[in-house]
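Take a look at the structure below.
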Amino acid sequence: MQAKPTLLKLYRSFADVRRALQESKVSVVALLQHYLHQVALHNKQLNAFLQTYDQEALAQAEAVDRKIALGKAGRLAGMVLGLKDVICYRDHPLQAASRILEGFRSQFSATVVERLLAEDAIIIGRQNCDEFAMGSSSENSAFGPVRNALDTSRVPGGSSGGSAVAVQAGMCLASLGTDTGGSVRQPAAFCGLVGLKPTYGRLSRHGLLAYASSFDCIGTLTHTVEDAALLLEIMAGPDEFDSTASRQPVPSYSALIGQKPTHTKVAYLRPTLESQGVSVAVKEAILRVIELLKAEGFTVEAVEFPLLEYILPTYYILTTAEASTNLARYDGVRYGYRSAGATDVESMYKLTRSEGFGKEVQRRILLGTFVLSASYYDAYFTKAQRVRRLIMEQTRALFSYYDFILSPTSPTTAFKIGELANDPLQMYLADIFSVQANVAGIPAISIPCGKDSQGLPIGLQIMADWFEETKMLTLARFLMEKLRT
Ligand code: GLN
């Protein structure tokens, strides 16, 4: 059965897919063929997928259809997913959108991937991103920039830009991205999607190529909060391969988030709406949400956060330090690319790393090596660790009274390709509101909350305290429903 392209409009949620499968309106094979067809139509222009696994995925789809017929299918039968090119999928290439991993194949699958596959999800392919997840625009890829499907002269955000566009353009139903400082939420905001970054440690990082290990989180890009909740509950839980994966019980998020929220105390950080860098359209959209919440009986109050200006510098000192260590392993000896020009061991290291890594990755390795060097360690690294602790404590102190903190996900809507490419500092500012959640380790979600005058989506960020995903997803779902009506 060949699916028609219009199918795409019908299935923006997994609930719709499941219903159609139950009523035999579609098969998993037809669904997959449909997505592959969309990839064939749009990927050349959008550059979201680096590779799709057509034959293999089709064979899996046939197997899932057989299981459905026998009544033995898993909870994700019919879920077609893409993976950001930093998440291991056994026996498949993995490159972090970098030359340095040319030719590398994963020897095992990430724990989260294993758990999705065990419930019959299908992995359709791997997705373009900023090299090693460093960036906010998906322009820092060795494979060229990803384009926003709503306006192809604009970026989709980053670093999980390919993962966002794949869902946005209907090339798969959901994607796994990663969020070290906003890389799931900011592309979700720029593409009109739901982007979930769970509490640090809620999901195992086993099988995730490390950028900054104490910040890295796997997250989801979906059209609905319900799908984010379902994927989270299937992927979460302890893992013997990652000691930072939490043993906290995993609630049945998807079953718990349907009610009207009973937690109603909301704060927003005053400067996130008042500072100059926030565009008028973004500000107005967030103010509308605040009014809506008040009308629904929520208490919404502006709060100060004196450490706000220190969050971004703290993030960049600590993440570059961790990156410089994590990326030391790519030296031409063990993985992927090795320079053909090398004449001895030292030139092999130097040439391989100079040719294999792109500009932004090199910039960060240098910065990270600098802040870790003996003469500057205390002045930068130790100090930033202390400030991180303060930011974490003060963020969590807000949650002793408030249930949620709201802000824009990003100060602007999607910018033009090339607009910030030569101005790293401006680019770093795209994450000014998203990095707090990673510095503090708390969960955060971005949901669409309107459009600017050019029709570009705006994202609302909701943050909650450690492991309060149920509460956060409940509010997100409720708000999405209200914002639609
Ligand atoms: N844009 C931020 C950075 O460049 C966040 C990246 C991320 O979350 N992976 O570091």
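Identifiers in the structure tokens: chain A, B, ... in order shown; residue index from 1 per chain; ligand index from 1 in order shown.
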
- request: Report the residues of region 352-420 of chain A whose backbone DSSP state falls under strand (DSSP E), written as a count of residues only.
  value: 5

message: Give me, as a PyMOL selection string, the residues of region 23-58 of chain A that a backbone DSSP run labels helix (DSSP H, G or I).
response: chain A and resi 28-46+54-58

Preceding selection exported with N, CA and C atoms as a PDB file, in the first residue's frame:
ATOM      1  N   VAL A  28       2.016  -0.002   9.305  1.00  0.00           N
ATOM      2  CA  VAL A  28       3.291   0.613   9.679  1.00  0.00           C
ATOM      3  C   VAL A  28       4.169   0.750   8.435  1.00  0.00           C
ATOM      4  N   VAL A  29       4.083  -0.237   7.537  1.00  0.00           N
ATOM      5  CA  VAL A  29       4.862  -0.155   6.290  1.00  0.00           C
ATOM      6  C   VAL A  29       4.442   1.077   5.483  1.00  0.00           C
ATOM      7  N   ALA A  30       3.136   1.288   5.368  1.00  0.00           N
ATOM      8  CA  ALA A  30       2.654   2.438   4.593  1.00  0.00           C
ATOM      9  C   ALA A  30       3.104   3.754   5.237  1.00  0.00           C
ATOM     10  N   LEU A  31       3.043   3.748   6.539  1.00  0.00           N
ATOM     11  CA  LEU A  31       3.453   4.939   7.289  1.00  0.00           C
ATOM     12  C   LEU A  31       4.934   5.244   7.024  1.00  0.00           C
ATOM     13  N   LEU A  32       5.735   4.203   7.117  1.00  0.00           N
ATOM     14  CA  LEU A  32       7.168   4.380   6.905  1.00  0.00           C
ATOM     15  C   LEU A  32       7.471   4.824   5.477  1.00  0.00           C
ATOM     16  N   GLN A  33       6.778   4.194   4.537  1.00  0.00           N
ATOM     17  CA  GLN A  33       6.978   4.598   3.128  1.00  0.00           C
ATOM     18  C   GLN A  33       6.631   6.065   2.945  1.00  0.00           C
ATOM     19  N   HIS A  34       5.597   6.468   3.635  1.00  0.00           N
ATOM     20  CA  HIS A  34       5.196   7.867   3.556  1.00  0.00           C
ATOM     21  C   HIS A  34       6.314   8.792   4.065  1.00  0.00           C
ATOM     22  N   TYR A  35       6.874   8.448   5.220  1.00  0.00           N
ATOM     23  CA  TYR A  35       7.950   9.292   5.756  1.00  0.00           C
ATOM     24  C   TYR A  35       9.160   9.293   4.815  1.00  0.00           C
ATOM     25  N   LEU A  36       9.491   8.120   4.294  1.00  0.00           N
ATOM     26  CA  LEU A  36      10.649   8.052   3.379  1.00  0.00           C
ATOM     27  C   LEU A  36      10.386   8.892   2.133  1.00  0.00           C
ATOM     28  N   HIS A  37       9.134   8.906   1.719  1.00  0.00           N
ATOM     29  CA  HIS A  37       8.757   9.708   0.570  1.00  0.00           C
ATOM     30  C   HIS A  37       8.954  11.203   0.874  1.00  0.00           C
ATOM     31  N   GLN A  38       8.576  11.597   2.075  1.00  0.00           N
ATOM     32  CA  GLN A  38       8.784  13.001   2.468  1.00  0.00           C
ATOM     33  C   GLN A  38      10.276  13.344   2.498  1.00  0.00           C
ATOM     34  N   VAL A  39      11.066  12.405   2.979  1.00  0.00           N
ATOM     35  CA  VAL A  39      12.521  12.637   3.005  1.00  0.00           C
ATOM     36  C   VAL A  39      13.015  12.830   1.572  1.00  0.00           C
ATOM     37  N   ALA A  40      12.553  11.943   0.674  1.00  0.00           N
ATOM     38  CA  ALA A  40      12.984  12.040  -0.722  1.00  0.00           C
ATOM     39  C   ALA A  40      12.575  13.383  -1.329  1.00  0.00           C
ATOM     40  N   LEU A  41      11.401  13.871  -0.941  1.00  0.00           N
ATOM     41  CA  LEU A  41      10.918  15.135  -1.502  1.00  0.00           C
ATOM     42  C   LEU A  41      11.650  16.356  -0.961  1.00  0.00           C
ATOM     43  N   HIS A  42      11.919  16.346   0.347  1.00  0.00           N
ATOM     44  CA  HIS A  42      12.343  17.599   0.988  1.00  0.00           C
ATOM     45  C   HIS A  42      13.771  17.637   1.506  1.00  0.00           C
ATOM     46  N   ASN A  43      14.387  16.463   1.668  1.00  0.00           N
ATOM     47  CA  ASN A  43      15.643  16.504   2.418  1.00  0.00           C
ATOM     48  C   ASN A  43      16.788  17.192   1.687  1.00  0.00           C
ATOM     49  N   LYS A  44      16.772  17.133   0.387  1.00  0.00           N
ATOM     50  CA  LYS A  44      17.847  17.781  -0.373  1.00  0.00           C
ATOM     51  C   LYS A  44      17.932  19.264   0.006  1.00  0.00           C
ATOM     52  N   GLN A  45      16.756  19.855   0.081  1.00  0.00           N
ATOM     53  CA  GLN A  45      16.717  21.274   0.404  1.00  0.00           C
ATOM     54  C   GLN A  45      16.929  21.546   1.905  1.00  0.00           C
ATOM     55  N   LEU A  46      16.306  20.734   2.746  1.00  0.00           N
ATOM     56  CA  LEU A  46      16.316  21.047   4.183  1.00  0.00           C
ATOM     57  C   LEU A  46      17.553  20.519   4.900  1.00  0.00           C
ATOM     58  N   ASP A  54      16.576   2.969   4.876  1.00  0.00           N
ATOM     59  CA  ASP A  54      15.327   2.592   4.209  1.00  0.00           C
ATOM     60  C   ASP A  54      14.985   1.105   4.295  1.00  0.00           C
ATOM     61  N   GLN A  55      15.895   0.267   3.771  1.00  0.00           N
ATOM     62  CA  GLN A  55      15.560  -1.165   3.679  1.00  0.00           C
ATOM     63  C   GLN A  55      15.367  -1.786   5.049  1.00  0.00           C
ATOM     64  N   GLU A  56      16.301  -1.446   5.910  1.00  0.00           N
ATOM     65  CA  GLU A  56      16.246  -1.997   7.262  1.00  0.00           C
ATOM     66  C   GLU A  56      14.967  -1.554   7.992  1.00  0.00           C
ATOM     67  N   ALA A  57      14.651  -0.274   7.857  1.00  0.00           N
ATOM     68  CA  ALA A  57      13.449   0.240   8.533  1.00  0.00           C
ATOM     69  C   ALA A  57      12.190  -0.400   7.949  1.00  0.00           C
ATOM     70  N   LEU A  58      12.200  -0.618   6.633  1.00  0.00           N
ATOM     71  CA  LEU A  58      11.036  -1.274   6.016  1.00  0.00           C
ATOM     72  C   LEU A  58      10.863  -2.698   6.539  1.00  0.00           C
TER      73      LEU A  58
END

At a cut-off of 12 Å, using only C-alpha atoms, what residues contact Glu284 (chain A)? Leave out same-chain residues fewer than 2 positions from it and give the result as a compact mmCIF listing (two decimals) with N, CA and C atoms, in the first residue's frame.
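Result file follows (part27.txt):
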# COMPACT_ATOMS: atom_id res chain seq x y z
N LEU A 273 11.66 39.36 30.27
CA LEU A 273 10.67 40.05 29.44
C LEU A 273 11.02 41.51 29.23
N GLU A 274 11.90 42.02 30.08
CA GLU A 274 12.15 43.46 30.00
C GLU A 274 13.43 43.83 29.30
N VAL A 278 15.16 41.15 23.89
CA VAL A 278 13.98 40.31 23.66
C VAL A 278 13.07 41.01 22.65
N SER A 279 12.72 40.33 21.60
CA SER A 279 11.93 40.99 20.55
C SER A 279 10.51 41.26 21.04
N VAL A 280 9.91 42.29 20.46
CA VAL A 280 8.58 42.72 20.90
C VAL A 280 7.57 41.59 20.74
N ALA A 281 7.64 40.88 19.63
CA ALA A 281 6.67 39.80 19.38
C ALA A 281 6.80 38.71 20.43
N VAL A 282 8.04 38.38 20.78
CA VAL A 282 8.27 37.33 21.78
C VAL A 282 7.70 37.78 23.12
N ILE A 286 4.53 36.03 25.32
CA ILE A 286 4.66 35.51 26.68
C ILE A 286 3.69 36.24 27.61
N LEU A 287 3.52 37.54 27.40
CA LEU A 287 2.57 38.30 28.23
C LEU A 287 1.15 37.78 28.04
N ARG A 288 0.83 37.37 26.81
CA ARG A 288 -0.50 36.79 26.57
C ARG A 288 -0.69 35.50 27.37
N VAL A 289 0.37 34.69 27.41
CA VAL A 289 0.28 33.45 28.20
C VAL A 289 0.07 33.79 29.67
N ILE A 290 0.78 34.79 30.14
CA ILE A 290 0.65 35.18 31.55
C ILE A 290 -0.79 35.62 31.85
N GLU A 291 -1.36 36.39 30.95
CA GLU A 291 -2.75 36.83 31.14
C GLU A 291 -3.69 35.63 31.15
N SER A 407 9.55 31.68 30.96
CA SER A 407 10.32 32.69 30.22
C SER A 407 10.15 32.40 28.74
N PRO A 408 10.60 33.32 27.89
CA PRO A 408 10.69 32.92 26.49
C PRO A 408 11.74 31.81 26.40
N PRO A 411 15.25 34.66 22.96
CA PRO A 411 14.84 36.07 22.88
C PRO A 411 14.26 36.49 21.53
N THR A 412 14.55 35.73 20.48
CA THR A 412 14.03 36.10 19.15
C THR A 412 13.44 34.86 18.47
N CYS A 449 3.85 29.08 21.37
CA CYS A 449 2.87 29.97 22.01
C CYS A 449 2.57 31.17 21.13
N GLY A 450 2.58 30.97 19.84
CA GLY A 450 2.22 32.08 18.95
C GLY A 450 3.25 32.26 17.85
N LYS A 451 3.03 33.29 17.04
CA LYS A 451 3.92 33.56 15.91
C LYS A 451 4.20 35.05 15.84
N ASP A 452 5.31 35.41 15.22
CA ASP A 452 5.57 36.84 15.03
C ASP A 452 4.90 37.31 13.74
N SER A 453 5.14 38.56 13.36
CA SER A 453 4.41 39.13 12.21
C SER A 453 4.78 38.43 10.91
N ILE A 458 7.02 31.15 18.03
CA ILE A 458 7.62 31.64 19.28
C ILE A 458 7.48 30.53 20.31
N GLY A 459 8.51 30.35 21.12
CA GLY A 459 8.46 29.29 22.13
C GLY A 459 8.35 29.84 23.54
N LEU A 460 7.51 29.17 24.33
CA LEU A 460 7.40 29.48 25.76
C LEU A 460 8.16 28.41 26.52

message: I'd like the contact shell of Leu101 (chain A) - 7 Å cut-off, only C-alpha atoms, skipping same-chain residues fewer than 2 positions apart - returned as a VMD selection string.
response: chain A and resid 95 98 to 99 103 to 104 335 to 337

query: ligand 1: which residues are within 9 Å, counting only C-alpha atoms and all ligand atoms, as a ChimeraX atom specification?
result: /A:130,132-137,157-160,177-186,211-212,215-217,315-316,319-320,360,427-431,434-435,438

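Closest approach to Ser175 (chain A) among A:Ala142, A:Leu116, A:Ala73, A:Val155 is made by A:Leu116 (distances from only C-alpha atoms).
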
With a cut-off of 12 Å, could you pull out the residues of region 140-200 of chain A touching region 242-249 of chain A and give me the nearest pair of atoms for each, distance in Å to one decimal, using only C-alpha atoms, ordered by chain and ascending number, as a tab-separated table?
residue	atom	partner	partner_atom	distance
A:Pro198	CA	A:Ser246	CA	11.6
A:Thr199	CA	A:Ser246	CA	9.5
A:Tyr200	CA	A:Ala245	CA	8.2

Residues of the last selection are to be written out with C-alpha atoms, as a PDB file, in the first residue's frame.
ATOM      1  CA  PRO A 198      14.274  16.277  31.373  1.00  0.00           C
ATOM      2  CA  THR A 199      15.995  16.587  34.754  1.00  0.00           C
ATOM      3  CA  TYR A 200      19.716  15.818  34.516  1.00  0.00           C
TER       4      TYR A 200
END
